[in-house]
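These notes concern the structure reproduced below.
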There are 2 protein chains.
Amino acid sequence: MNELRRDPVSGRWSIIIHDELQTDKLLVNVRKRRTSGKQHEPSCPFCKGNEHLTPEPIHVENLNGNPEDWHVRVIPDKYPVLRVEGDLNNRGHGMYDILNGIGAHEIVVETPHHSTHLADFADDHLARVFSVYQNRIRDLKSDLRFRYVMVYKNYGEATGPAVGHSYSYVIATPVTPPRVKQELINAAEHFRMKERCLFCDILQQEISDGARVVEETEHFLAYIPFASRAPLETWIMPKRHETFFERSDNVAELASLFKRTVRGIQQLLYDPNYVMVIHTGPNTSFGHRRGYWKTLEQDYHWHIEIIPQLRGFTSFELVSGIRANFLPPEKGAALLRQEAATAGRS
Amino acid sequence: MNELRRDPVSGRWSIIIHDELQTDKLLVNVRKRRTSGKQHEPSCPFCKGNEHLTPEPIHVENLNGNPEDWHVRVIPDKYPVLRVEGDLNNRGHGMYDILNGIGAHEIVVETPHHSTHLADFADDHLARVFSVYQNRIRDLKSDLRFRYVMVYKNYGEATGPAVGHSYSYVIATPVTPPRVKQELINAAEHFRMKERCLFCDILQQEISDGARVVEETEHFLAYIPFASRAPLETWIMPKRHETFFERSDNVAELASLFKRTVRGIQQLLYDPNYVMVIHTGPNTSFGHRRGYWKTLEQDYHWHIEIIPQLRGFTSFELVSGIRANFLPPEKGAALLRQEAATAGRS
């Protein structure tokens with residue numbers, strides 16, 4: 001019997017499909033490994049040596065203090081949908097709300113080399129990428145026009161000459177994105193009822209159940225959410241209560257856990273496209289905290305979501321918001337643990 | 001300057017992009033009209049004469065009382081994700097919520113002819129399709145396990161032998177779909193503050209502004225929402241306050257307005273895929289109404305959403321829930337009004 005499961009963080013329902021045949025079909029997909037190709041692509045604006053093809057960088061991480069020898073580079077998007085210059089001009093139009101399209105749209109070029117993918121970075125390089133995310137979030141949050149800073153990556157999405165180059169996005173918005181806002185509301189509501197953090201409760205249950213755990217390290221838990229939207233969707237969460245990703249001290253441990261998790265997913269699902277998104281607390285630098293934000297530091301808990309993209313939305317998912325998932329979370333976690341054990345032996 | 005606009009019904013924000021170049025590009029797309037082809041496709045399970053290829057019908061609309069001479073036919077989906085037999089068994093799993101995958105999954109075959117599309121139906125035929133939707137909603141709502149019945153259509157989606165045959169879905173779910181639930185919550189909140197229906201307020205503003213109106217008839221308004229997600233997204237709403245679509249008396253007028261609206265969209269965007277979804281009030285037949293449902297009949301107002309599908313989601317839209325729309329609603333409505341005027345003259 002299929003199940004409808006509710007995710008307490010987002011309030012979403014997922015249909016978890018128990019169908020061995022479909023699960024098997026999913027896992028014996030056509031093997032399509034990405035080609036690990038050349039290190040330099042002449043037309044790629046993100047490659048080393050092509051820096052003139054992009055706008056002036058916002059931030060550069062150098063090796064040995066040599067500015068030419070960069071290994072992470074943050075640049076503004078050339079065609080941003082939201083622009084950084086101007087006033088918000090928050091206004092009404094009769095009963096409607098309207099803001100100017102203000103925001104920041106940055107690209108984190110994660111490596112100077114064309115075909116080295118995030119899951120293949122050296123551990124310390126990946127840790128530097130995560131600490132660049134932290135820097136950019138901290139910096140953008142000093143701008144009081146921005147309510148939220150979102151970091152995400154869409155592996156396998158790129159089109160154009162940058163195809164194959166590993167990069168991610170940092171976006172600052174003058175409104176809290178609805179996906180995050182719903183989490184903030186649900187977390188505040190849980191805290192109001194129980195005086196406990198919703199995510200800390202989830203951590204406790206996941207560690208005690210064990211069935212959906214992918215890996216537990218000193219400071220983090222990687223697990224497949226009970227009502228996950230997609231096969232092998234995995235969340236990584238600090239075990240200690242922390243509201244803001246950008247204040248976390250353990251990026252090296254995080255980066256290495258992230259890398260192992262993504263590699264496991266890539267092995268099992270044959271290198272699927274995936275979305276990675278960091279959910280941190282909203283910008284509180286404007287000082288006042290009202291309504292749902294009142295208990296923010298007690299009730300909200302940052303985390304990273306990794307969501308494999310195996311197919312488009314069906315129209316039912318589109319109109320209802322209810323997703324269907326062909327790989328039960330417990331089965332997925334068992335497969336990922338088994339994959340890790342095998343990788344460890346080899 | 002681009003704008004961020006908030007939709008008061010869903011709480012969603014959309015980025016409305018003011019960029020003449022992009023708008024022009026959108027409207028001079030490659031013309032790809034659907035082929036209006038044969039009336040019978042031997043392998044299509046929805047075609048007249050192939051009734052044996054589908055399960056026993058749930059409902060059949062006949063001409064002249066002749067059972068062979070049907071013109072609308074409702075059948076159960078052969079491979080439903082939610083099944084109609086069984087108990088919900090609403091239960092907890094620690095802190096999580098879980099229900100059995102119970103629901104109804106029906107297909108409305110809108111015509112016996114293979115290549116006649118909904119927008120080309122005779123007015124009275126389309127009115128019959130809408131009244132079949134009403135019948136199915138009423139019937140499914142008598143099942144106390146179902147909290148919601150959703151009717152939708154995905155024009156251009158079909159794969160397999162039924163490609164080209166016009167059909168829609170009726171889905172009953174034991175939970176209210178998140179998309180609708182958010183509307184119910186926002187509508188109840190608006191009522192709590194103002195003691196007025198949110199949708200009636202929108203109707204008043206839209207009729208008074210005029211800029212986003214596509215067409216006004218005796219009982220309905222077709223308009224492009226202020227924060228619409230997609231170019232030419234159009235909503236049709238009864239002008240009189242009505243909570244439940246299935247109780248509406250004016251399906252003939254509705255069907256003919258719907259047909260004109262879809263035809264206008266098809267002309268302007270070169271026959272795009274589109275999703276149509278009917279948002280009616282939830283199932284209240286289990287009697288008790290608490291929380292957000294307390295003022296339901298005063299605060300909720302049924303409507304139809306028509307959403308052209310011009311492209312997939314970008315990763316930003318996927319992770320944030322904020323959509324970007326290249327055709328400002330006011331411009332879109334002006335184009336649709338102009339299209340209607342031209343069609344009327346010819």
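Naming scheme: A, B, ... for chains in displayed order of the structure tokens; residues 1 onward per chain; ligands 1 onward as shown.
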
Find the nearest atom pair between each residue of chain A and chain B for residues within 6 Å, count only C-alpha atoms, give distances in Å to one decimal, sort rows by chain and ascending number, and present the table as a Markdown table.
| residue | atom | partner | partner_atom | distance |
| --- | --- | --- | --- | --- |
| A:Asn2 | CA | B:Gly101 | CA | 4.7 |
| A:Glu3 | CA | B:Gly101 | CA | 4.4 |
| A:Leu4 | CA | B:Leu99 | CA | 5.1 |
| A:Arg5 | CA | B:Ile98 | CA | 4.6 |
| A:Arg6 | CA | B:Asp97 | CA | 5.5 |
| A:Asp97 | CA | B:Arg6 | CA | 5.5 |
| A:Ile98 | CA | B:Arg5 | CA | 4.6 |
| A:Leu99 | CA | B:Leu4 | CA | 5.1 |
| A:Asn100 | CA | B:Glu3 | CA | 4.6 |
| A:Gly101 | CA | B:Glu3 | CA | 4.4 |
| A:Pro177 | CA | B:Ser320 | CA | 5.0 |
| A:Pro178 | CA | B:Gly321 | CA | 5.6 |
| A:Arg179 | CA | B:Ser320 | CA | 5.6 |
| A:Ser320 | CA | B:Pro177 | CA | 5.0 |
| A:Gly321 | CA | B:Pro178 | CA | 5.6 |

Can you show chain A as a short mmCIF file (atom, residue, chain, number, x, y, z; two decimals) with C-alpha atoms, in the first residue's frame once it has been least-squares superposed onto chain B, using every C-alpha atom paired in order?
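File produced: part_20.cif:
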data_model
loop_
_atom_site.label_atom_id
_atom_site.label_comp_id
_atom_site.auth_asym_id
_atom_site.auth_seq_id
_atom_site.Cartn_x
_atom_site.Cartn_y
_atom_site.Cartn_z
CA MET A 1 12.81 48.21 -13.46
CA ASN A 2 11.58 44.69 -12.79
CA GLU A 3 9.06 44.22 -10.00
CA LEU A 4 8.38 41.74 -7.24
CA ARG A 5 4.64 41.34 -6.90
CA ARG A 6 2.82 39.34 -4.24
CA ASP A 7 -0.27 37.28 -5.03
CA PRO A 8 -2.66 37.74 -2.08
CA VAL A 9 -4.42 34.42 -2.78
CA SER A 10 -1.43 32.07 -2.70
CA GLY A 11 1.05 34.29 -0.89
CA ARG A 12 3.50 33.63 -3.75
CA TRP A 13 5.83 36.34 -5.07
CA SER A 14 6.48 36.68 -8.79
CA ILE A 15 9.17 38.66 -10.51
CA ILE A 16 7.45 40.63 -13.27
CA ILE A 17 10.06 41.36 -15.90
CA HIS A 18 9.71 44.59 -17.84
CA ASP A 19 11.80 43.94 -20.91
CA GLU A 20 10.26 44.75 -24.29
CA LEU A 21 12.88 42.65 -26.06
CA GLN A 22 12.05 39.52 -24.10
CA THR A 23 8.32 40.11 -24.49
CA ASP A 24 8.72 40.47 -28.24
CA LYS A 25 10.85 37.32 -28.38
CA LEU A 26 8.11 35.46 -26.51
CA LEU A 27 5.46 36.58 -28.95
CA VAL A 28 7.36 35.90 -32.17
CA ASN A 29 8.07 32.32 -31.20
CA VAL A 30 8.13 29.65 -33.88
CA ARG A 31 4.54 29.06 -34.92
CA LYS A 32 3.69 25.48 -34.03
CA ARG A 33 -0.04 24.91 -34.39
CA ARG A 34 -1.33 21.55 -33.33
CA THR A 35 -2.33 19.35 -36.24
CA SER A 36 -6.06 18.86 -36.31
CA GLY A 37 -5.92 15.33 -37.59
CA LYS A 38 -7.97 12.19 -37.68
CA GLN A 39 -11.14 11.50 -35.75
CA HIS A 40 -10.20 7.92 -34.94
CA GLU A 41 -6.88 6.44 -33.87
CA PRO A 42 -6.99 2.62 -33.79
CA SER A 43 -4.68 2.23 -30.78
CA CYS A 44 -6.11 5.12 -28.71
CA PRO A 45 -7.96 3.75 -25.65
CA PHE A 46 -10.06 6.94 -25.44
CA CYS A 47 -11.44 6.77 -28.99
CA LYS A 48 -14.98 5.66 -29.78
CA GLY A 49 -15.04 1.96 -30.63
CA ASN A 50 -12.05 1.25 -28.32
CA GLU A 51 -14.04 1.29 -25.08
CA HIS A 52 -12.88 -2.28 -24.35
CA LEU A 53 -9.34 -0.97 -23.87
CA THR A 54 -10.31 0.91 -20.70
CA PRO A 55 -11.82 -0.19 -17.36
CA GLU A 56 -15.60 0.00 -16.83
CA PRO A 57 -16.71 3.64 -16.97
CA ILE A 58 -17.76 5.48 -13.81
CA HIS A 59 -20.02 7.85 -15.71
CA VAL A 60 -21.15 8.16 -19.34
CA GLU A 61 -22.94 11.06 -21.01
CA ASN A 62 -25.02 9.77 -23.90
CA LEU A 63 -26.66 11.44 -26.84
CA ASN A 64 -30.35 10.55 -27.26
CA GLY A 65 -30.15 7.96 -24.46
CA ASN A 66 -28.11 5.67 -26.73
CA PRO A 67 -25.29 4.10 -24.63
CA GLU A 68 -23.06 3.57 -27.70
CA ASP A 69 -23.40 7.16 -28.71
CA TRP A 70 -21.48 8.70 -25.78
CA HIS A 71 -19.85 12.08 -25.87
CA VAL A 72 -18.22 12.33 -22.44
CA ARG A 73 -16.93 9.30 -20.57
CA VAL A 74 -15.35 9.06 -17.11
CA ILE A 75 -13.10 6.08 -16.39
CA PRO A 76 -10.82 5.10 -13.50
CA ASP A 77 -7.09 5.51 -14.14
CA LYS A 78 -5.58 2.10 -14.88
CA TYR A 79 -2.43 2.80 -12.85
CA PRO A 80 -3.53 5.08 -10.03
CA VAL A 81 -0.99 6.35 -7.52
CA LEU A 82 -3.79 6.61 -4.95
CA ARG A 83 -6.26 3.71 -4.63
CA VAL A 84 -9.93 3.95 -3.85
CA GLU A 85 -10.20 0.79 -1.73
CA GLY A 86 -9.25 0.68 1.93
CA ASP A 87 -9.06 2.64 5.12
CA LEU A 88 -7.05 5.78 5.63
CA ASN A 89 -5.55 4.49 8.86
CA ASN A 90 -4.46 7.99 9.88
CA ARG A 91 -1.54 7.34 12.23
CA GLY A 92 1.64 8.73 13.69
CA HIS A 93 5.16 7.42 13.28
CA GLY A 94 6.85 9.09 16.23
CA MET A 95 6.46 12.79 15.43
CA TYR A 96 5.55 12.19 11.76
CA ASP A 97 2.09 11.85 10.13
CA ILE A 98 1.17 9.04 7.79
CA LEU A 99 -1.97 7.97 5.90
CA ASN A 100 -2.58 5.07 3.59
CA GLY A 101 -2.45 6.04 -0.09
CA ILE A 102 -6.24 6.26 -0.49
CA GLY A 103 -7.82 8.45 -3.13
CA ALA A 104 -9.64 8.47 -6.44
CA HIS A 105 -7.95 8.98 -9.77
CA GLU A 106 -10.41 9.42 -12.65
CA ILE A 107 -9.98 10.37 -16.28
CA VAL A 108 -12.61 12.45 -18.06
CA VAL A 109 -12.51 11.57 -21.76
CA GLU A 110 -13.96 14.81 -23.06
CA THR A 111 -14.83 13.63 -26.55
CA PRO A 112 -15.13 10.37 -28.55
CA HIS A 113 -13.13 11.92 -31.41
CA HIS A 114 -9.36 11.67 -31.43
CA SER A 115 -8.23 15.09 -32.58
CA THR A 116 -10.93 17.49 -31.48
CA HIS A 117 -9.54 19.73 -28.79
CA LEU A 118 -11.41 21.25 -25.92
CA ALA A 119 -11.12 24.76 -27.36
CA ASP A 120 -12.74 23.49 -30.57
CA PHE A 121 -15.74 21.80 -28.92
CA ALA A 122 -19.23 23.09 -29.61
CA ASP A 123 -20.32 25.35 -26.74
CA ASP A 124 -22.98 22.93 -25.51
CA HIS A 125 -20.54 20.01 -25.57
CA LEU A 126 -18.01 21.94 -23.48
CA ALA A 127 -20.80 22.90 -21.07
CA ARG A 128 -21.56 19.17 -20.68
CA VAL A 129 -17.89 18.53 -19.84
CA PHE A 130 -18.03 21.17 -17.12
CA SER A 131 -21.23 19.70 -15.71
CA VAL A 132 -19.57 16.25 -15.69
CA TYR A 133 -16.82 17.81 -13.55
CA GLN A 134 -19.53 19.10 -11.22
CA ASN A 135 -21.17 15.66 -10.99
CA ARG A 136 -17.90 13.90 -10.24
CA ILE A 137 -16.94 16.43 -7.55
CA ARG A 138 -20.36 16.09 -5.89
CA ASP A 139 -20.21 12.31 -6.03
CA LEU A 140 -16.66 12.01 -4.69
CA LYS A 141 -17.39 14.48 -1.89
CA SER A 142 -19.99 12.05 -0.52
CA ASP A 143 -17.01 9.85 0.42
CA LEU A 144 -15.99 11.05 3.87
CA ARG A 145 -12.40 9.84 3.45
CA PHE A 146 -11.75 12.56 0.87
CA ARG A 147 -10.91 16.07 2.01
CA TYR A 148 -10.56 17.52 -1.45
CA VAL A 149 -11.50 16.91 -5.08
CA MET A 150 -9.34 18.54 -7.71
CA VAL A 151 -10.15 18.82 -11.42
CA TYR A 152 -7.34 19.62 -13.81
CA LYS A 153 -6.16 19.26 -17.34
CA ASN A 154 -2.69 19.27 -18.84
CA TYR A 155 -3.03 20.23 -22.49
CA GLY A 156 -0.11 18.96 -24.55
CA GLU A 157 1.20 16.58 -21.87
CA ALA A 158 -0.01 13.18 -23.05
CA THR A 159 2.36 10.40 -24.01
CA GLY A 160 1.52 6.99 -25.48
CA PRO A 161 -1.33 6.03 -27.79
CA ALA A 162 -3.73 8.59 -26.26
CA VAL A 163 -1.56 11.47 -27.55
CA GLY A 164 -3.80 14.02 -29.15
CA HIS A 165 -7.01 12.87 -27.41
CA SER A 166 -8.57 15.53 -25.20
CA TYR A 167 -9.00 14.48 -21.56
CA SER A 168 -8.78 15.78 -18.03
CA TYR A 169 -8.40 14.43 -14.49
CA VAL A 170 -10.53 14.30 -11.38
CA ILE A 171 -8.48 13.45 -8.29
CA ALA A 172 -9.79 13.02 -4.76
CA THR A 173 -7.25 13.17 -1.93
CA PRO A 174 -7.50 12.47 1.80
CA VAL A 175 -5.56 15.68 2.52
CA THR A 176 -6.13 19.15 1.12
CA PRO A 177 -3.39 19.77 -1.46
CA PRO A 178 -0.87 22.32 -0.11
CA ARG A 179 -1.54 24.74 -2.99
CA VAL A 180 -5.23 24.93 -2.09
CA LYS A 181 -4.65 24.85 1.66
CA GLN A 182 -2.50 27.97 1.45
CA GLU A 183 -5.36 29.74 -0.36
CA LEU A 184 -7.84 28.64 2.28
CA ILE A 185 -5.55 29.94 5.02
CA ASN A 186 -4.95 33.29 3.29
CA ALA A 187 -8.68 33.71 2.55
CA ALA A 188 -9.64 32.94 6.15
CA GLU A 189 -7.01 35.37 7.42
CA HIS A 190 -8.30 38.13 5.10
CA PHE A 191 -11.84 37.48 6.33
CA ARG A 192 -10.71 37.58 9.96
CA MET A 193 -9.20 41.03 9.40
CA LYS A 194 -11.79 42.60 7.10
CA GLU A 195 -14.95 40.49 7.31
CA ARG A 196 -14.88 40.41 3.52
CA CYS A 197 -14.06 37.75 0.97
CA LEU A 198 -10.50 38.15 -0.39
CA PHE A 199 -11.63 37.14 -3.89
CA CYS A 200 -14.58 39.56 -3.89
CA ASP A 201 -12.09 42.32 -3.01
CA ILE A 202 -9.87 41.23 -5.90
CA LEU A 203 -12.86 41.21 -8.30
CA GLN A 204 -13.76 44.71 -7.26
CA GLN A 205 -10.23 46.02 -7.77
CA GLU A 206 -9.77 44.21 -11.09
CA ILE A 207 -13.05 45.49 -12.52
CA SER A 208 -12.31 49.00 -11.31
CA ASP A 209 -8.65 48.96 -12.57
CA GLY A 210 -9.56 47.30 -15.85
CA ALA A 211 -5.92 46.94 -16.93
CA ARG A 212 -5.74 43.19 -16.30
CA VAL A 213 -9.27 42.29 -17.42
CA VAL A 214 -9.46 39.84 -20.31
CA GLU A 215 -13.26 39.65 -20.51
CA GLU A 216 -16.24 40.35 -18.30
CA THR A 217 -19.52 38.50 -18.85
CA GLU A 218 -22.81 38.57 -16.93
CA HIS A 219 -21.66 36.21 -14.17
CA PHE A 220 -17.88 35.88 -14.62
CA LEU A 221 -14.63 37.80 -14.85
CA ALA A 222 -11.61 36.50 -16.77
CA TYR A 223 -8.46 38.40 -15.75
CA ILE A 224 -4.70 38.07 -15.51
CA PRO A 225 -3.63 38.03 -11.85
CA PHE A 226 -1.50 40.94 -10.65
CA ALA A 227 1.38 38.59 -9.69
CA SER A 228 0.80 35.95 -12.34
CA ARG A 229 3.42 33.19 -12.62
CA ALA A 230 3.44 32.78 -16.38
CA PRO A 231 2.71 34.82 -19.52
CA LEU A 232 -1.06 35.07 -20.07
CA GLU A 233 -1.91 33.07 -16.92
CA THR A 234 -5.64 33.78 -16.65
CA TRP A 235 -8.15 33.20 -13.84
CA ILE A 236 -11.89 32.95 -14.30
CA MET A 237 -14.00 33.76 -11.27
CA PRO A 238 -17.73 34.07 -10.62
CA LYS A 239 -18.59 37.72 -9.90
CA ARG A 240 -21.14 36.71 -7.26
CA HIS A 241 -19.67 35.18 -4.11
CA GLU A 242 -19.74 31.37 -4.50
CA THR A 243 -17.62 28.90 -2.52
CA PHE A 244 -18.21 25.73 -4.51
CA PHE A 245 -17.71 25.30 -8.26
CA GLU A 246 -19.91 22.19 -8.24
CA ARG A 247 -22.91 24.26 -7.16
CA SER A 248 -22.56 26.90 -9.90
CA ASP A 249 -25.63 27.34 -12.13
CA ASN A 250 -23.85 29.03 -15.02
CA VAL A 251 -21.70 26.36 -16.63
CA ALA A 252 -22.81 27.21 -20.17
CA GLU A 253 -21.68 30.82 -19.78
CA LEU A 254 -18.51 29.61 -18.05
CA ALA A 255 -17.67 27.07 -20.76
CA SER A 256 -18.02 29.60 -23.52
CA LEU A 257 -15.88 32.19 -21.69
CA PHE A 258 -13.28 29.49 -20.97
CA LYS A 259 -13.18 28.52 -24.64
CA ARG A 260 -12.71 32.10 -25.85
CA THR A 261 -9.95 32.63 -23.28
CA VAL A 262 -8.03 29.47 -24.21
CA ARG A 263 -8.35 30.31 -27.90
CA GLY A 264 -6.90 33.76 -27.28
CA ILE A 265 -3.95 32.26 -25.41
CA GLN A 266 -3.43 29.69 -28.16
CA GLN A 267 -3.38 32.39 -30.82
CA LEU A 268 -0.95 34.67 -28.99
CA LEU A 269 1.48 32.05 -27.68
CA TYR A 270 1.26 29.68 -30.65
CA ASP A 271 -0.72 26.85 -29.05
CA PRO A 272 1.33 26.39 -25.89
CA ASN A 273 0.93 23.56 -23.42
CA TYR A 274 -1.27 24.78 -20.58
CA VAL A 275 -2.55 23.55 -17.25
CA MET A 276 -6.16 24.21 -16.24
CA VAL A 277 -7.15 23.65 -12.63
CA ILE A 278 -10.44 24.23 -10.84
CA HIS A 279 -10.12 25.43 -7.25
CA THR A 280 -13.34 24.74 -5.40
CA GLY A 281 -14.00 24.68 -1.65
CA PRO A 282 -12.90 21.57 0.28
CA ASN A 283 -15.18 18.69 1.22
CA THR A 284 -17.36 19.79 4.10
CA SER A 285 -19.65 16.75 4.12
CA PHE A 286 -18.03 15.31 7.23
CA GLY A 287 -19.85 18.06 9.05
CA HIS A 288 -17.51 19.73 11.49
CA ARG A 289 -15.66 22.89 10.54
CA ARG A 290 -12.91 24.11 12.73
CA GLY A 291 -9.96 26.44 12.50
CA TYR A 292 -9.44 27.87 9.02
CA TRP A 293 -12.62 26.17 7.76
CA LYS A 294 -14.90 27.99 10.23
CA THR A 295 -15.82 30.87 7.92
CA LEU A 296 -15.27 28.89 4.71
CA GLU A 297 -18.53 29.76 3.00
CA GLN A 298 -17.99 33.46 3.61
CA ASP A 299 -14.27 33.61 2.83
CA TYR A 300 -13.53 31.14 0.00
CA HIS A 301 -14.48 31.72 -3.62
CA TRP A 302 -14.03 29.13 -6.38
CA HIS A 303 -12.13 29.94 -9.54
CA ILE A 304 -10.41 28.39 -12.54
CA GLU A 305 -6.71 28.93 -13.24
CA ILE A 306 -5.30 28.59 -16.76
CA ILE A 307 -1.50 28.52 -16.70
CA PRO A 308 0.48 28.38 -19.97
CA GLN A 309 3.57 26.15 -19.65
CA LEU A 310 6.22 27.78 -21.77
CA ARG A 311 9.36 26.32 -20.20
CA GLY A 312 10.55 24.25 -17.24
CA PHE A 313 11.38 25.72 -13.87
CA THR A 314 14.76 27.34 -13.39
CA SER A 315 16.63 26.10 -10.34
CA PHE A 316 16.01 29.47 -8.65
CA GLU A 317 12.25 29.04 -9.07
CA LEU A 318 12.51 25.47 -7.83
CA VAL A 319 14.40 26.27 -4.64
CA SER A 320 12.79 29.61 -3.83
CA GLY A 321 9.19 29.23 -5.03
CA ILE A 322 9.51 32.69 -6.67
CA ARG A 323 8.56 32.56 -10.36
CA ALA A 324 9.76 34.95 -13.07
CA ASN A 325 7.28 36.12 -15.73
CA PHE A 326 8.44 37.81 -18.94
CA LEU A 327 5.03 39.20 -19.90
CA PRO A 328 3.64 41.87 -17.54
CA PRO A 329 -0.04 41.10 -16.73
CA GLU A 330 -1.30 44.47 -17.99
CA LYS A 331 0.42 43.96 -21.34
CA GLY A 332 -0.86 40.38 -21.58
CA ALA A 333 -4.47 41.41 -20.89
CA ALA A 334 -4.25 44.17 -23.50
CA LEU A 335 -2.98 41.65 -26.06
CA LEU A 336 -5.78 39.19 -25.26
CA ARG A 337 -8.45 41.91 -25.52
CA GLN A 338 -6.99 43.03 -28.85
CA GLU A 339 -6.90 39.40 -30.09
CA ALA A 340 -10.60 38.99 -29.14
CA ALA A 341 -11.51 42.20 -30.96
CA THR A 342 -9.71 40.99 -34.09
CA ALA A 343 -11.33 37.55 -33.90
CA GLY A 344 -14.72 39.26 -33.53
CA ARG A 345 -14.19 41.36 -36.67
CA SER A 346 -13.10 38.46 -38.84
#

Requested in this report: From segment 13-90 of chain B, collect each residue whose DSSP state is strand (DSSP E or B) and return the set as a PyMOL selection string.
Outcome: chain B and resi 13-16+59-63+66-76+83

Requested in this report: Mind listing the alpha helix (DSSP H) residues of segment 229-339 of chain B, per DSSP on the backbone, as a ChimeraX atom specification?
Outcome: /B:251-268,296-299,315-320,329-339
